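Below is one structure, written out as structure tokens; the observations come after it.
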Amino acid sequence: MTMNVLAPRYADGASRRAVLAREIRHQDPDVLALQEVTREDVAALATTAGTSFHTVPKD
């Protein structure tokens, strides 16, 4: 699964994150690639989605 999350200041960030977390739970992907996301966002999304992921940030 891949998704361009967008910075929180765009597209009603809080609501967008809730929808994304719900969809991550529903899809239950083996691999998840997120663009335009902070490390904090990844941690919050994983927690909200009720799963844990091994993260590999691109620095």
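Going by the structure tokens order, chains are called A, B, ..., each with residues numbered from 1, while ligands are numbered from 1 in the order shown.
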
Write out as a ChimeraX atom specification the residues lying within 9 Å of segment 36-51 of chain A, counting only C-alpha atoms and excluding same-chain residues fewer than 6 positions away. /A:3-8,17-18,20-26,28,57

Can you tell me, as an MDAnalysis selection string, what residues are no more than 10 Å from Thr2 of chain A when counting only C-alpha atoms, ignoring any on the same chain fewer than 5 positions away? chainID A and resid 29 31:35

Among chain A, which residues does DSSP mark as strand (DSSP E) when it is run on the backbone? Keep the chain and numbering as in the structure and answer as JSON, numbers by chain. {"A": [2, 3, 4, 33, 34, 35]}

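Considering the residues A:Lys58, A:Phe53, A:Met1, A:Gly13 and counting only C-alpha atoms, Gln27 of chain A has its shortest atom-to-atom contact with A:Met1.
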
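Taking only chain A, the residues that DSSP calls alpha helix (DSSP H) from the backbone come to Gly13, Ala14, Ser15, Arg16, Arg17, Ala18, Val19, Leu20, Ala21, Arg22, Glu23, Ile24, Arg25, His26, Gln27, Arg39, Glu40, Asp41, Val42, Ala43, Ala44, Leu45, Ala46, Thr47 and Thr48 of chain A.
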